[in-house]
Every structure is written in C-alpha cells, then in structure tokens.
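So this block is run.cif, mmCIF, C-alpha atoms:
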data_entry
#
loop_
_atom_site.label_atom_id
_atom_site.label_comp_id
_atom_site.auth_asym_id
_atom_site.auth_seq_id
_atom_site.Cartn_x
_atom_site.Cartn_y
_atom_site.Cartn_z
CA MET A 109 211.84 -55.56 -31.75
CA ASP A 110 209.90 -53.66 -29.10
CA GLU A 111 210.09 -56.57 -26.67
CA ILE A 112 213.86 -56.85 -26.65
CA ARG A 113 214.41 -53.15 -26.07
CA LEU A 114 212.01 -53.11 -23.14
CA ILE A 115 213.60 -56.14 -21.53
CA GLU A 116 217.07 -54.56 -21.70
CA VAL A 117 215.88 -51.44 -19.96
CA LYS A 118 214.00 -53.38 -17.35
CA GLU A 119 217.12 -55.39 -16.55
CA GLU A 120 219.18 -52.21 -16.21
CA ILE A 121 216.60 -50.78 -13.84
CA HIS A 122 216.46 -54.05 -11.92
CA ALA A 123 220.24 -53.93 -11.39
CA ASP A 124 220.13 -50.34 -10.09
CA ASN A 125 217.07 -51.16 -8.03
CA LYS A 126 218.69 -54.14 -6.33
CA VAL A 127 221.50 -51.89 -5.02
CA VAL A 128 219.03 -49.34 -3.64
CA ALA A 129 216.97 -52.18 -2.09
CA GLU A 130 220.00 -53.69 -0.32
CA LYS A 131 221.00 -50.30 1.09
CA LEU A 132 217.45 -49.79 2.31
CA ARG A 133 217.51 -53.17 4.10
CA ASP A 134 220.79 -52.21 5.82
CA ARG A 135 219.16 -48.98 7.01
CA LEU A 136 216.07 -50.86 8.26
CA LYS A 137 218.29 -53.24 10.24
CA ALA A 138 220.09 -50.27 11.82
CA GLU A 139 216.77 -48.55 12.57
CA LYS A 140 215.17 -51.82 13.78
CA THR A 141 212.15 -51.28 11.54
CA PHE A 142 210.47 -54.39 10.11
CA LEU A 143 209.30 -53.51 6.59
CA ILE A 144 206.59 -55.63 4.96
CA ASN A 145 205.69 -55.38 1.26
CA LEU A 146 202.01 -56.35 0.84
CA MET A 147 200.95 -57.23 -2.71
CA SER A 148 197.77 -58.48 -4.40
CA SER A 149 195.35 -58.01 -7.28
CA PRO A 150 193.11 -54.94 -7.22
CA GLY A 151 190.29 -55.47 -4.75
CA ALA A 152 191.72 -58.47 -2.87
CA GLY A 153 191.28 -56.56 0.39
CA LYS A 154 194.74 -55.09 1.18
CA THR A 155 193.62 -51.89 2.92
CA THR A 156 190.96 -53.55 5.07
CA PHE A 157 193.42 -56.30 5.98
CA ILE A 158 195.98 -53.68 7.07
CA LEU A 159 193.31 -52.06 9.24
CA LYS A 160 192.58 -55.44 10.89
CA THR A 161 196.31 -56.05 11.39
CA ILE A 162 196.75 -52.64 13.06
CA GLU A 163 193.83 -53.47 15.37
CA ALA A 164 195.40 -56.82 16.30
CA ILE A 165 198.95 -55.66 17.05
CA LYS A 166 198.78 -51.97 17.94
CA GLY A 167 199.15 -52.82 21.65
CA ASP A 168 202.43 -54.63 20.96
CA PHE A 169 204.20 -52.59 18.27
CA ARG A 170 204.28 -49.10 16.76
CA ILE A 171 203.11 -49.30 13.14
CA GLY A 172 203.38 -47.08 10.07
CA VAL A 173 201.86 -47.57 6.61
CA ILE A 174 203.00 -46.56 3.12
CA GLU A 175 200.08 -46.62 0.68
CA ALA A 176 200.79 -46.74 -3.04
CA ASP A 177 198.19 -45.89 -5.61
CA ILE A 178 198.23 -44.79 -9.19
CA ASP A 179 195.88 -41.92 -8.72
CA SER A 180 194.01 -41.61 -5.41
CA ILE A 181 194.55 -41.02 -1.71
CA VAL A 182 191.49 -42.87 -0.39
CA ASP A 183 193.49 -45.70 1.22
CA ALA A 184 195.86 -43.45 3.20
CA GLU A 185 192.85 -41.52 4.47
CA LYS A 186 191.32 -44.75 5.83
CA ILE A 187 194.58 -45.71 7.57
CA ALA A 188 195.21 -42.21 8.99
CA ALA A 189 191.68 -42.21 10.44
CA THR A 190 192.87 -44.91 12.90
CA GLY A 191 195.61 -42.59 14.19
CA THR A 192 198.33 -44.58 12.39
CA ASP A 193 201.20 -42.79 10.61
CA ALA A 194 200.39 -43.10 6.91
CA ILE A 195 202.09 -41.85 3.75
CA GLN A 196 200.43 -41.98 0.34
CA LEU A 197 202.64 -42.48 -2.70
CA ARG A 198 200.95 -41.54 -5.95
CA THR A 199 202.73 -43.42 -8.73
CA GLY A 200 201.17 -41.36 -11.52
CA GLY A 201 200.47 -44.33 -13.76
CA PHE A 202 203.34 -46.52 -12.57
CA CYS A 203 202.29 -50.14 -12.12
CA HIS A 204 204.58 -51.09 -9.21
CA LEU A 205 206.83 -49.70 -6.49
CA ASP A 206 210.61 -49.90 -6.66
CA ALA A 207 213.10 -49.39 -3.84
CA SER A 208 213.67 -45.67 -4.61
CA MET A 209 209.95 -44.97 -4.32
CA VAL A 210 209.76 -46.88 -1.03
CA GLU A 211 212.78 -44.93 0.22
CA LYS A 212 210.90 -41.69 -0.45
CA GLY A 213 207.97 -43.04 1.54
CA LEU A 214 210.18 -44.11 4.45
CA ASN A 215 211.80 -40.67 4.48
CA GLY A 216 208.37 -39.23 5.21
CA LEU A 217 207.98 -41.37 8.36
CA ASP A 218 209.87 -41.12 11.67
CA LEU A 219 211.44 -44.60 11.59
CA SER A 220 213.01 -44.27 15.05
CA SER A 221 209.47 -44.30 16.47
CA LEU A 222 208.19 -47.26 14.39
CA ASP A 223 208.68 -51.05 14.80
CA ILE A 224 206.75 -52.15 11.72
CA VAL A 225 206.03 -50.41 8.42
CA ILE A 226 203.61 -52.02 5.99
CA ILE A 227 203.78 -51.04 2.31
CA GLU A 228 200.53 -51.46 0.39
CA ASN A 229 201.87 -51.95 -3.14
CA VAL A 230 199.91 -51.12 -6.33
CA GLY A 231 197.13 -53.65 -6.95
CA ASN A 232 198.78 -55.88 -9.56
CA LEU A 233 199.85 -59.55 -9.53
CA VAL A 234 202.47 -59.08 -12.24
CA CYS A 235 204.89 -56.12 -12.10
CA PRO A 236 205.33 -55.68 -8.31
CA ALA A 237 206.71 -59.24 -8.12
CA GLU A 238 209.64 -58.20 -10.33
CA PHE A 239 210.92 -55.32 -8.18
CA ASP A 240 212.70 -55.68 -4.85
CA THR A 241 211.28 -52.87 -2.67
CA GLY A 242 213.87 -53.26 0.09
CA ALA A 243 211.28 -54.93 2.33
CA ILE A 244 212.31 -57.57 4.90
CA LYS A 245 209.37 -59.82 4.01
CA ASN A 246 207.03 -60.05 1.03
CA VAL A 247 203.42 -60.90 1.81
CA MET A 248 200.64 -61.44 -0.71
CA ILE A 249 196.89 -61.69 -0.55
CA LEU A 250 194.92 -63.96 -2.86
CA SER A 251 191.18 -63.51 -2.37
CA VAL A 252 188.86 -66.48 -2.84
CA PRO A 253 186.73 -64.86 -5.61
CA GLU A 254 189.88 -64.61 -7.78
CA GLY A 255 190.07 -68.41 -8.08
CA ASP A 256 192.46 -71.20 -7.13
CA ASP A 257 194.18 -71.18 -10.54
CA LYS A 258 196.17 -68.00 -9.91
CA PRO A 259 199.48 -69.75 -9.00
CA LEU A 260 199.42 -71.28 -12.50
CA LYS A 261 199.04 -67.87 -14.08
CA TYR A 262 201.16 -65.58 -11.90
CA PRO A 263 203.88 -67.96 -10.65
CA LEU A 264 206.52 -65.28 -9.96
CA MET A 265 204.33 -63.51 -7.40
CA PHE A 266 203.75 -66.74 -5.46
CA SER A 267 207.48 -67.55 -5.69
CA VAL A 268 208.79 -64.27 -4.22
CA CYS A 269 206.46 -64.14 -1.20
CA ASP A 270 207.19 -65.35 2.33
CA VAL A 271 203.53 -65.39 3.35
CA LEU A 272 200.28 -66.01 1.45
CA LEU A 273 197.04 -64.78 2.97
CA VAL A 274 194.07 -66.58 1.39
CA ASN A 275 191.61 -63.79 2.10
CA LYS A 276 187.83 -63.40 1.85
CA ILE A 277 187.70 -67.01 3.00
CA ASP A 278 184.06 -66.28 3.95
CA TYR A 279 183.29 -66.46 0.20
CA LEU A 280 184.42 -70.10 0.12
CA GLU A 281 180.97 -71.70 0.20
CA ALA A 282 179.66 -69.45 -2.59
CA SER A 283 182.58 -70.35 -4.87
CA ASP A 284 184.24 -73.42 -6.40
CA PHE A 285 187.62 -72.46 -4.89
CA ASP A 286 189.47 -75.55 -3.63
CA THR A 287 191.91 -74.70 -0.82
CA ASP A 288 193.68 -78.09 -1.07
CA VAL A 289 194.30 -77.61 -4.78
CA LEU A 290 195.51 -74.07 -4.13
CA ARG A 291 197.96 -75.22 -1.43
CA GLU A 292 199.35 -77.88 -3.71
CA ARG A 293 199.88 -75.39 -6.55
CA VAL A 294 201.48 -72.77 -4.27
CA LEU A 295 203.77 -75.21 -2.44
CA ALA A 296 204.98 -76.62 -5.75
CA LEU A 297 206.27 -73.12 -6.58
CA ASN A 298 207.42 -72.15 -3.11
CA PRO A 299 207.72 -74.94 -0.50
CA ASN A 300 208.69 -72.52 2.30
CA ILE A 301 205.76 -70.12 1.99
CA LYS A 302 203.57 -69.72 5.08
CA ILE A 303 199.83 -69.85 4.26
CA PHE A 304 197.00 -68.38 6.37
CA GLU A 305 193.29 -68.48 5.55
CA THR A 306 191.79 -65.14 6.58
CA SER A 307 188.66 -63.01 6.49
CA SER A 308 188.59 -59.34 7.42
CA LYS A 309 184.80 -59.67 7.59
CA THR A 310 184.53 -62.54 10.11
CA GLY A 311 187.99 -62.13 11.66
CA GLN A 312 188.93 -65.74 10.82
CA GLY A 313 192.69 -66.31 10.79
CA ILE A 314 193.64 -62.72 11.68
CA GLU A 315 195.04 -63.79 15.08
CA ASP A 316 197.06 -66.63 13.48
CA TRP A 317 198.62 -64.08 11.12
CA ALA A 318 199.18 -61.65 14.03
CA VAL A 319 201.04 -64.39 15.96
CA TRP A 320 203.34 -64.90 12.97
CA LEU A 321 203.83 -61.13 12.55
CA ARG A 322 204.64 -60.59 16.25
CA GLN A 323 207.20 -63.40 16.19
CA ALA A 324 208.81 -62.27 12.93
CA THR A 325 209.04 -58.68 14.19
CA GLU A 326 210.59 -59.79 17.51
CA ASN A 327 213.13 -61.90 15.62
CA PHE A 328 214.04 -58.97 13.42
CA ILE A 329 214.28 -56.15 15.94
CA ASN A 330 216.02 -58.10 18.72
CA MET B 157 216.59 -41.16 -12.08
CA ASP B 158 215.20 -44.61 -12.84
CA GLU B 159 211.69 -43.27 -13.32
CA ILE B 160 212.56 -40.78 -16.04
CA ARG B 161 214.52 -43.30 -18.07
CA LEU B 162 211.65 -45.79 -17.96
CA ILE B 163 209.09 -43.20 -18.99
CA GLU B 164 211.14 -42.15 -22.03
CA VAL B 165 211.41 -45.73 -23.20
CA LYS B 166 207.75 -46.39 -22.62
CA GLU B 167 206.85 -43.38 -24.75
CA GLU B 168 209.10 -44.56 -27.54
CA ILE B 169 207.48 -47.99 -27.44
CA HIS B 170 204.02 -46.43 -27.34
CA ALA B 171 204.79 -44.43 -30.51
CA ASP B 172 205.96 -47.55 -32.40
CA ASN B 173 203.06 -49.54 -31.01
CA LYS B 174 200.46 -47.00 -32.17
CA VAL B 175 201.66 -47.40 -35.79
CA VAL B 176 201.45 -51.20 -35.59
CA ALA B 177 198.00 -50.92 -33.98
CA GLU B 178 196.64 -48.63 -36.72
CA LYS B 179 197.92 -50.97 -39.44
CA LEU B 180 196.29 -53.88 -37.66
CA ARG B 181 192.95 -52.04 -37.56
CA ASP B 182 193.18 -51.36 -41.32
CA ARG B 183 193.76 -55.08 -41.89
CA LEU B 184 190.80 -55.99 -39.65
CA LYS B 185 188.53 -53.63 -41.61
CA ALA B 186 189.67 -55.25 -44.88
CA GLU B 187 189.17 -58.74 -43.44
CA LYS B 188 185.84 -57.74 -41.78
CA THR B 189 186.95 -59.17 -38.44
CA PHE B 190 185.67 -57.43 -35.31
CA LEU B 191 188.48 -57.56 -32.74
CA ILE B 192 187.64 -57.09 -29.05
CA ASN B 193 190.30 -56.54 -26.36
CA LEU B 194 188.95 -57.89 -23.04
CA MET B 195 190.77 -56.66 -19.92
CA SER B 196 190.34 -57.08 -16.15
CA SER B 197 192.08 -57.88 -12.87
CA PRO B 198 193.19 -61.45 -12.29
CA GLY B 199 190.20 -63.61 -11.42
CA ALA B 200 187.45 -61.23 -12.52
CA GLY B 201 186.03 -63.99 -14.72
CA LYS B 202 187.30 -63.25 -18.25
CA THR B 203 187.60 -66.85 -19.49
CA THR B 204 184.23 -67.98 -18.17
CA PHE B 205 182.64 -64.84 -19.58
CA ILE B 206 184.13 -65.57 -23.00
CA LEU B 207 182.69 -69.10 -22.82
CA LYS B 208 179.23 -67.66 -22.04
CA THR B 209 179.59 -65.16 -24.89
CA ILE B 210 180.50 -67.93 -27.34
CA GLU B 211 177.42 -69.88 -26.21
CA ALA B 212 175.19 -66.81 -26.73
CA ILE B 213 176.37 -65.80 -30.22
CA LYS B 214 177.85 -68.87 -31.87
CA GLY B 215 174.68 -69.31 -33.96
CA ASP B 216 175.09 -65.80 -35.40
CA PHE B 217 178.83 -65.30 -35.88
CA ARG B 218 182.06 -67.25 -36.30
CA ILE B 219 184.30 -66.57 -33.30
CA GLY B 220 188.00 -66.95 -32.53
CA VAL B 221 189.84 -66.31 -29.25
CA ILE B 222 193.38 -65.15 -28.47
CA GLU B 223 194.31 -66.02 -24.89
CA ALA B 224 197.22 -64.23 -23.25
CA ASP B 225 198.89 -65.50 -20.13
CA ILE B 226 202.25 -65.06 -18.50
CA ASP B 227 202.90 -68.70 -18.01
CA SER B 228 200.10 -71.18 -18.63
CA ILE B 229 197.82 -72.56 -21.34
CA VAL B 230 194.85 -73.52 -19.16
CA ASP B 231 192.54 -70.83 -20.59
CA ALA B 232 193.09 -71.72 -24.24
CA GLU B 233 192.42 -75.37 -23.41
CA LYS B 234 189.03 -74.41 -21.93
CA ILE B 235 188.11 -72.36 -25.02
CA ALA B 236 189.33 -74.99 -27.49
CA ALA B 237 187.21 -77.59 -25.68
CA THR B 238 184.11 -75.78 -27.06
CA GLY B 239 185.35 -76.28 -30.63
CA THR B 240 186.28 -72.60 -30.95
CA ASP B 241 189.52 -71.56 -32.70
CA ALA B 242 191.86 -70.54 -29.88
CA ILE B 243 195.46 -69.32 -29.79
CA GLN B 244 197.44 -69.06 -26.56
CA LEU B 245 200.06 -66.32 -26.31
CA ARG B 246 202.55 -66.88 -23.52
CA THR B 247 204.01 -63.48 -22.61
CA GLY B 248 206.86 -64.97 -20.56
CA GLY B 249 206.56 -62.46 -17.74
CA PHE B 250 205.20 -59.57 -19.79
CA CYS B 251 202.40 -57.72 -18.02
CA HIS B 252 200.35 -56.67 -21.05
CA LEU B 253 199.80 -57.27 -24.76
CA ASP B 254 200.90 -54.79 -27.40
CA ALA B 255 199.83 -54.64 -31.05
CA SER B 256 202.80 -56.73 -32.31
CA MET B 257 201.92 -59.57 -29.96
CA VAL B 258 198.25 -59.43 -31.03
CA GLU B 259 199.36 -59.46 -34.67
CA LYS B 260 201.26 -62.70 -34.00
CA GLY B 261 198.10 -64.15 -32.46
CA LEU B 262 195.95 -63.08 -35.42
CA ASN B 263 198.46 -64.61 -37.86
CA GLY B 264 197.76 -67.95 -36.17
CA LEU B 265 194.04 -67.73 -36.95
CA ASP B 266 192.26 -67.92 -40.32
CA LEU B 267 190.71 -64.43 -40.25
CA SER B 268 188.77 -64.93 -43.49
CA SER B 269 186.65 -67.51 -41.67
CA LEU B 270 186.06 -65.43 -38.50
CA ASP B 271 183.64 -62.54 -37.80
CA ILE B 272 184.71 -61.83 -34.22
CA VAL B 273 188.01 -62.38 -32.41
CA ILE B 274 188.15 -61.83 -28.66
CA ILE B 275 191.55 -61.17 -27.04
CA GLU B 276 191.77 -62.14 -23.37
CA ASN B 277 194.50 -59.77 -22.19
CA VAL B 278 196.81 -60.46 -19.20
CA GLY B 279 194.94 -60.07 -15.88
CA ASN B 280 196.03 -56.57 -14.87
CA LEU B 281 194.14 -53.28 -14.42
CA VAL B 282 197.22 -51.12 -14.99
CA CYS B 283 199.57 -51.85 -17.89
CA PRO B 284 197.16 -53.23 -20.54
CA ALA B 285 195.29 -49.89 -20.45
CA GLU B 286 198.40 -48.12 -21.75
CA PHE B 287 198.89 -50.19 -24.90
CA ASP B 288 196.72 -50.02 -28.01
CA THR B 289 196.35 -53.64 -29.16
CA GLY B 290 194.81 -52.75 -32.52
CA ALA B 291 191.38 -53.87 -31.30
CA ILE B 292 188.22 -52.23 -32.60
CA LYS B 293 186.66 -52.06 -29.13
CA ASN B 294 188.07 -52.28 -25.60
CA VAL B 295 185.91 -54.09 -23.08
CA MET B 296 186.67 -54.50 -19.38
CA ILE B 297 185.30 -56.62 -16.58
CA LEU B 298 185.09 -55.36 -13.01
CA SER B 299 183.90 -58.10 -10.66
CA VAL B 300 181.79 -57.17 -7.63
CA PRO B 301 184.21 -58.66 -5.04
CA GLU B 302 186.89 -56.20 -6.23
CA GLY B 303 184.91 -53.25 -4.88
CA ASP B 304 183.23 -50.12 -6.24
CA ASP B 305 186.30 -47.91 -5.59
CA LYS B 306 188.31 -49.24 -8.54
CA PRO B 307 187.55 -46.31 -10.92
CA LEU B 308 189.24 -44.02 -8.35
CA LYS B 309 192.34 -46.18 -8.35
CA TYR B 310 192.68 -47.33 -11.95
CA PRO B 311 191.14 -44.42 -13.88
CA LEU B 312 192.98 -45.00 -17.17
CA MET B 313 191.50 -48.49 -17.60
CA PHE B 314 187.94 -47.16 -17.15
CA SER B 315 188.73 -44.26 -19.53
CA VAL B 316 189.97 -46.34 -22.48
CA CYS B 317 187.11 -48.88 -22.50
CA ASP B 318 183.98 -48.81 -24.62
CA VAL B 319 182.12 -51.32 -22.47
CA LEU B 320 182.22 -52.15 -18.75
CA LEU B 321 180.86 -55.50 -17.61
CA VAL B 322 180.10 -55.43 -13.88
CA ASN B 323 180.50 -59.16 -13.42
CA LYS B 324 179.83 -61.64 -10.60
CA ILE B 325 176.78 -59.49 -9.91
CA ASP B 326 175.44 -62.53 -7.99
CA TYR B 327 177.91 -61.57 -5.22
CA LEU B 328 176.11 -58.22 -4.76
CA GLU B 329 174.11 -59.18 -1.67
CA ALA B 330 177.15 -60.62 0.14
CA SER B 331 179.17 -57.43 -0.44
CA ASP B 332 178.96 -53.69 0.24
CA PHE B 333 179.39 -52.87 -3.46
CA ASP B 334 177.14 -49.96 -4.48
CA THR B 335 176.26 -50.09 -8.20
CA ASP B 336 174.95 -46.49 -8.21
CA VAL B 337 178.18 -45.18 -6.72
CA LEU B 338 180.16 -47.25 -9.22
CA ARG B 339 178.19 -45.89 -12.19
CA GLU B 340 178.70 -42.32 -11.01
CA ARG B 341 182.46 -42.83 -10.66
CA VAL B 342 182.78 -44.56 -14.04
CA LEU B 343 180.64 -42.06 -15.96
CA ALA B 344 182.62 -39.15 -14.48
CA LEU B 345 185.71 -40.64 -16.18
CA ASN B 346 184.03 -41.87 -19.35
CA PRO B 347 180.50 -40.57 -20.08
CA ASN B 348 180.13 -42.71 -23.24
CA ILE B 349 180.96 -46.09 -21.72
CA LYS B 350 178.26 -48.74 -21.97
CA ILE B 351 177.69 -50.60 -18.68
CA PHE B 352 176.18 -54.09 -18.29
CA GLU B 353 175.64 -55.97 -15.02
CA THR B 354 176.42 -59.63 -15.63
CA SER B 355 176.85 -63.02 -14.00
CA SER B 356 178.33 -66.03 -15.72
CA LYS B 357 176.89 -68.14 -12.90
CA THR B 358 173.21 -67.08 -13.13
CA GLY B 359 173.31 -65.82 -16.74
CA GLN B 360 172.07 -62.37 -15.71
CA GLY B 361 172.85 -59.69 -18.29
CA ILE B 362 174.58 -62.03 -20.75
CA GLU B 363 171.84 -61.59 -23.37
CA ASP B 364 171.92 -57.77 -22.98
CA TRP B 365 175.66 -57.87 -23.68
CA ALA B 366 175.09 -60.29 -26.58
CA VAL B 367 172.56 -57.87 -28.13
CA TRP B 368 175.17 -55.09 -27.98
CA LEU B 369 177.87 -57.36 -29.41
CA ARG B 370 175.68 -58.56 -32.30
CA GLN B 371 174.78 -54.98 -33.21
CA ALA B 372 178.37 -53.69 -32.93
CA THR B 373 179.63 -56.60 -35.06
CA GLU B 374 176.95 -56.01 -37.72
CA ASN B 375 177.83 -52.31 -37.82
CA PHE B 376 181.51 -53.13 -38.28
CA ILE B 377 181.38 -55.90 -40.85
CA ASN B 378 178.65 -54.37 -43.05
#
Any chance you could put this one into structure tokens?
Amino acid sequence: MDEIRLIEVKEEIHADNKVVAEKLRDRLKAEKTFLINLMSSPGAGKTTFILKTIEAIKGDFRIGVIEADIDSIVDAEKIAATGTDAIQLRTGGFCHLDASMVEKGLNGLDLSSLDIVIIENVGNLVCPAEFDTGAIKNVMILSVPEGDDKPLKYPLMFSVCDVLLVNKIDYLEASDFDTDVLRERVLALNPNIKIFETSSKTGQGIEDWAVWLRQATENFIN
Amino acid sequence: MDEIRLIEVKEEIHADNKVVAEKLRDRLKAEKTFLINLMSSPGAGKTTFILKTIEAIKGDFRIGVIEADIDSIVDAEKIAATGTDAIQLRTGGFCHLDASMVEKGLNGLDLSSLDIVIIENVGNLVCPAEFDTGAIKNVMILSVPEGDDKPLKYPLMFSVCDVLLVNKIDYLEASDFDTDVLRERVLALNPNIKIFETSSKTGQGIEDWAVWLRQATENFIN
C-alpha cells in the first residue's frame, strides 16, 4: 500500500525533525532570538502582514525575516526593500519547512543582532502544520475570503498555533463569513489560541497584534 | 539528509501511482466517464463552483462528485443535498489525492450511470499538483483575493492544469489583482491552458465554462 509506506517515512522524518527542532529552540534561547513561524493558505496576506508588523515594531526590536517559497524570490525582495535582513529559502517543490531548513535560514542571519525572526512558511494549510520548525511560537493567518469553515477542514493547523490572525477583515461585509461561528470552531479545537481580527489594508487590529508581539518578545528575551 | 530520503520515496510512490493512474484512465475510457480533477487553495470556492456547474449542466449530463477532505464531510453533504451522487473521501491528514484513493472513490459510484465525475481535491496548491489522479482533465481555481502572483510561487500547479478558473472575479474592484498580468504569467508556464473568469456569486463566466465542459465531455464520450 502506497499510503502505509509514506506514513512510515513521514514518521521517521518527524522523529529526526523533532530533535533538530528542540536543539534549535535551545540555541534561540541562548541567542535571545524570538522565532515566529507564520503559516497560511496561499494568498492569505503573509508577506504584506509581515511588512505591517515590521512597520509597527521596528522602533522597539531588531527584526529578521526568513521567506520560504517553492520557486520564487519575490517576497524576500519586498522585505529587503524595507532595509530588513531577509533570507529566501527556495524549497524546490517542497510543500513545507522543517527544522533543518529553518536552521539553514538562521545560519544566514546574524542572530546576535536580532531580537525577532519571522519565518514565512510555504503557503499551505496542511503540511506545514505537521512539522516542528523549531519556532518559539506558531502563528497562522486565515483570510476572510477563505471562509469560516476552515477549522472544520484543516483542524491540525488551528490546533498547533498560538495565535490566529483573521486577516482581510475589510472583506467582511462583502462575504458571508461569520466571525462568531469561526471563533467557536477555533476555540473548540484550541481553547488557548489568541485571536486578532486584522487588515493590512485599513490597519485594523495591527496594533493589538503588535502589543501581543512586544509582550511575548519581552517575556522570551528577558 | 532528511530531504534526500523523502525525495527518493516520493519518486517511488510517483512511479507506482502513474501505473494506477493510467489503468484508471483506461477504465474511464471503457466506461465513458469523463473524470475532472478540481484543485485550488483552501477557500477558493471549489464546492460552490461545483454546485453551480451541476446547476448549469445537469440537464445535459449525469454527474457524480468525489469530495476529498482531511477531516470533515461538510462538502459532500452540500453536494448530496442537490440530489447528486456524492462520495466523501476522508484523507486523515493526507495533503493530496493519489490515483488509488480516487479509484476507491470511483468504486463507490455507479460509473455506468454517470457521464461526468468531478473530484474536489484537498485544498492545497502544492502537493496535489505532483500526483496524477487518473483524471482526464485537471482544472484549477485561483480566486482573486489570493493575488495575481500565485503562478510565480506555485508554478507546477499552473503547469499541470488544462483549465484555469479565475474565480471570485466579483472581488476584482476591491483588490489590486491584475488579470492581464495574471494571464501573462500563466501563459508563460502553460501556453495551452484555457482561462475563464468566473463568479459563483454573480454567475459571471459560468456558462462559458459550461460550454467548454459540454464540448470536452462530448469529445470524450463519443
């Protein structure tokens, strides 16, 4: 059976990956670098949201970004244009990042000069949820046009994240997205998740998220 | 290296899968059943689009649907509510369908009474593009809120599809999506792809797609 063989290999990789991820977290604690793994579907607004986050907190912390993409460098170019340290990882078809890949990205940054590093994972609600990247916190974006039924369909992603950003909230009126229903579905999977409603376009909620990020970074590096 | 081990296994699975897929296509030709593999990101509108397609062509052809989801049956319930034969495949965490899984779905339908079967693949722009499902045609949806840069980031998906539906076209005015730029990027990857601009909300483009589907089905079953 194809399925069984693939599952075995995935488990083996998961076991190896977990060890690499734990080592990476030890290193981040020693370096006092707060690593965030940002995940979402394609087109949910990760890169623009990172740009808004940099704008909001660049006066308080030194930030680096690791961009992951299957086959382009357009996102890292956008980040680097703001003067932020950015590394692009090209996964060459790979559908997610694992801890070894993230380690390679971190090795390309000068961690001693950075307080926060944000990983933009491959746009995918499935596979990235299965692999510990070594990050301190997992953050996901769900954009309003994707629909409020996504926790029913991709429960693992909503379960492994510490923060959910309900993004493109400016699309709310044009859609039948129900934020109450969404919250109920998400909290049933993950009662401790922190939820922010955000819009990179109007700026709504960005400062609420920045307050959380500043506090979480302070807690980690002090 | 984790990466190399995974790639070897994936290739092995691909080779097995290709054989199963070719056998499935032979069976579909014998049964005169036109099988479509519909792929997209999460939330691009696959299920609603299938409902609109059923509405448009149910007078002309007998249709069945295979819904794939990691962990829910909500989509198959929506399809079945229209009186259409629907099978739900739960992938249990799997990020894509392969030909063996599709075969299991087809075995649950009475193919002799169906002209068209539409597979709704797992919402994912990466992994489903790598696996031949045995379908006669691959069709993808890109929704306007996802952005016009997706062909740069997920080139394989745009390369393996016969039809691209640029969906939620009603969001065009509220976004900075450029349909000319999108077309250029898509055609550079896949000059033969057929592109339709559609909206399940306003109905725009649904009949153009239905004309294509009727013709392609006629060509296949006659």
*How would you write, as JSON, numbers by chain, the residues chosen by the PyMOL selection byres ((chain A) within 8 of (chain B)) on this structure?*
{"A": [110, 114, 117, 118, 121, 149, 150, 151, 152, 153, 177, 178, 179, 180, 201, 203, 232, 233, 234, 235, 253, 254, 255, 258, 260, 261, 262, 263]}
*Residues around (207.3, -71.8, 1.8), cut-off 12 Å, counting only C-alpha atoms - what are they as a PyMOL selection string?*
chain A and resi 246-247+266-272+291-304
Can you pull out every residue within 7 Å of Lys245 of chain A, counting only C-alpha atoms, but drop anything in the same chain fewer than 3 positions away, and send it as a short mmCIF file (atom, residue, chain, number, x, y, z; two decimals) with C-alpha atoms, keeping the file's coordinate frame?
data_model
loop_
_atom_site.label_atom_id
_atom_site.label_comp_id
_atom_site.auth_asym_id
_atom_site.auth_seq_id
_atom_site.Cartn_x
_atom_site.Cartn_y
_atom_site.Cartn_z
CA LEU A 143 209.30 -53.51 6.59
CA ILE A 144 206.59 -55.63 4.96
CA ASN A 145 205.69 -55.38 1.26
CA ASP A 270 207.19 -65.35 2.33
#
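The space between atom CA of Ile210 of chain B and atom CA of Glu363 of chain B spans 11.4 Å.
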Apply the PyMOL selection byres ((chain B and resi 290) around 6) to the displayed file and report the matching residues as a compact mmCIF listing (two decimals) with C-alpha atoms, keeping the file's coordinate frame.
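Result went into expr_19.txt, see below:
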# COMPACT_ATOMS: atom_id res chain seq x y z
CA ALA B 177 198.00 -50.92 -33.98
CA LEU B 180 196.29 -53.88 -37.66
CA ARG B 181 192.95 -52.04 -37.56
CA ALA B 255 199.83 -54.64 -31.05
CA ASP B 288 196.72 -50.02 -28.01
CA THR B 289 196.35 -53.64 -29.16
CA ALA B 291 191.38 -53.87 -31.30
*asked:* Using Å and a single decimal, report how far atom CA of Leu222 of chain A sits from atom CA of Trp317 of chain A.
replied: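 Distance between the two atoms: 19.6 Å.
Against the coordinates shown, the PyMOL selection byres ((chain B and resi 358) around 12) returns B:Phe205, B:Lys208, B:Asn323, B:Lys324, B:Ile325, B:Asp326, B:Tyr327, B:Glu353, B:Thr354, B:Ser355, B:Ser356, B:Lys357, B:Gly359, B:Gln360, B:Gly361, B:Ile362, B:Glu363.
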Taking all atoms of segment 237-249 of chain A that appear in the file, build a box with edges along x, y and z, extend it by 8 Å on every side, and state its centre and edge lengths in Å to one decimal, as AutoDock Vina command-line options.
--center_x 205.4 --center_y -57.3 --center_z -2.7 --size_x 33.0 --size_y 24.8 --size_z 31.2
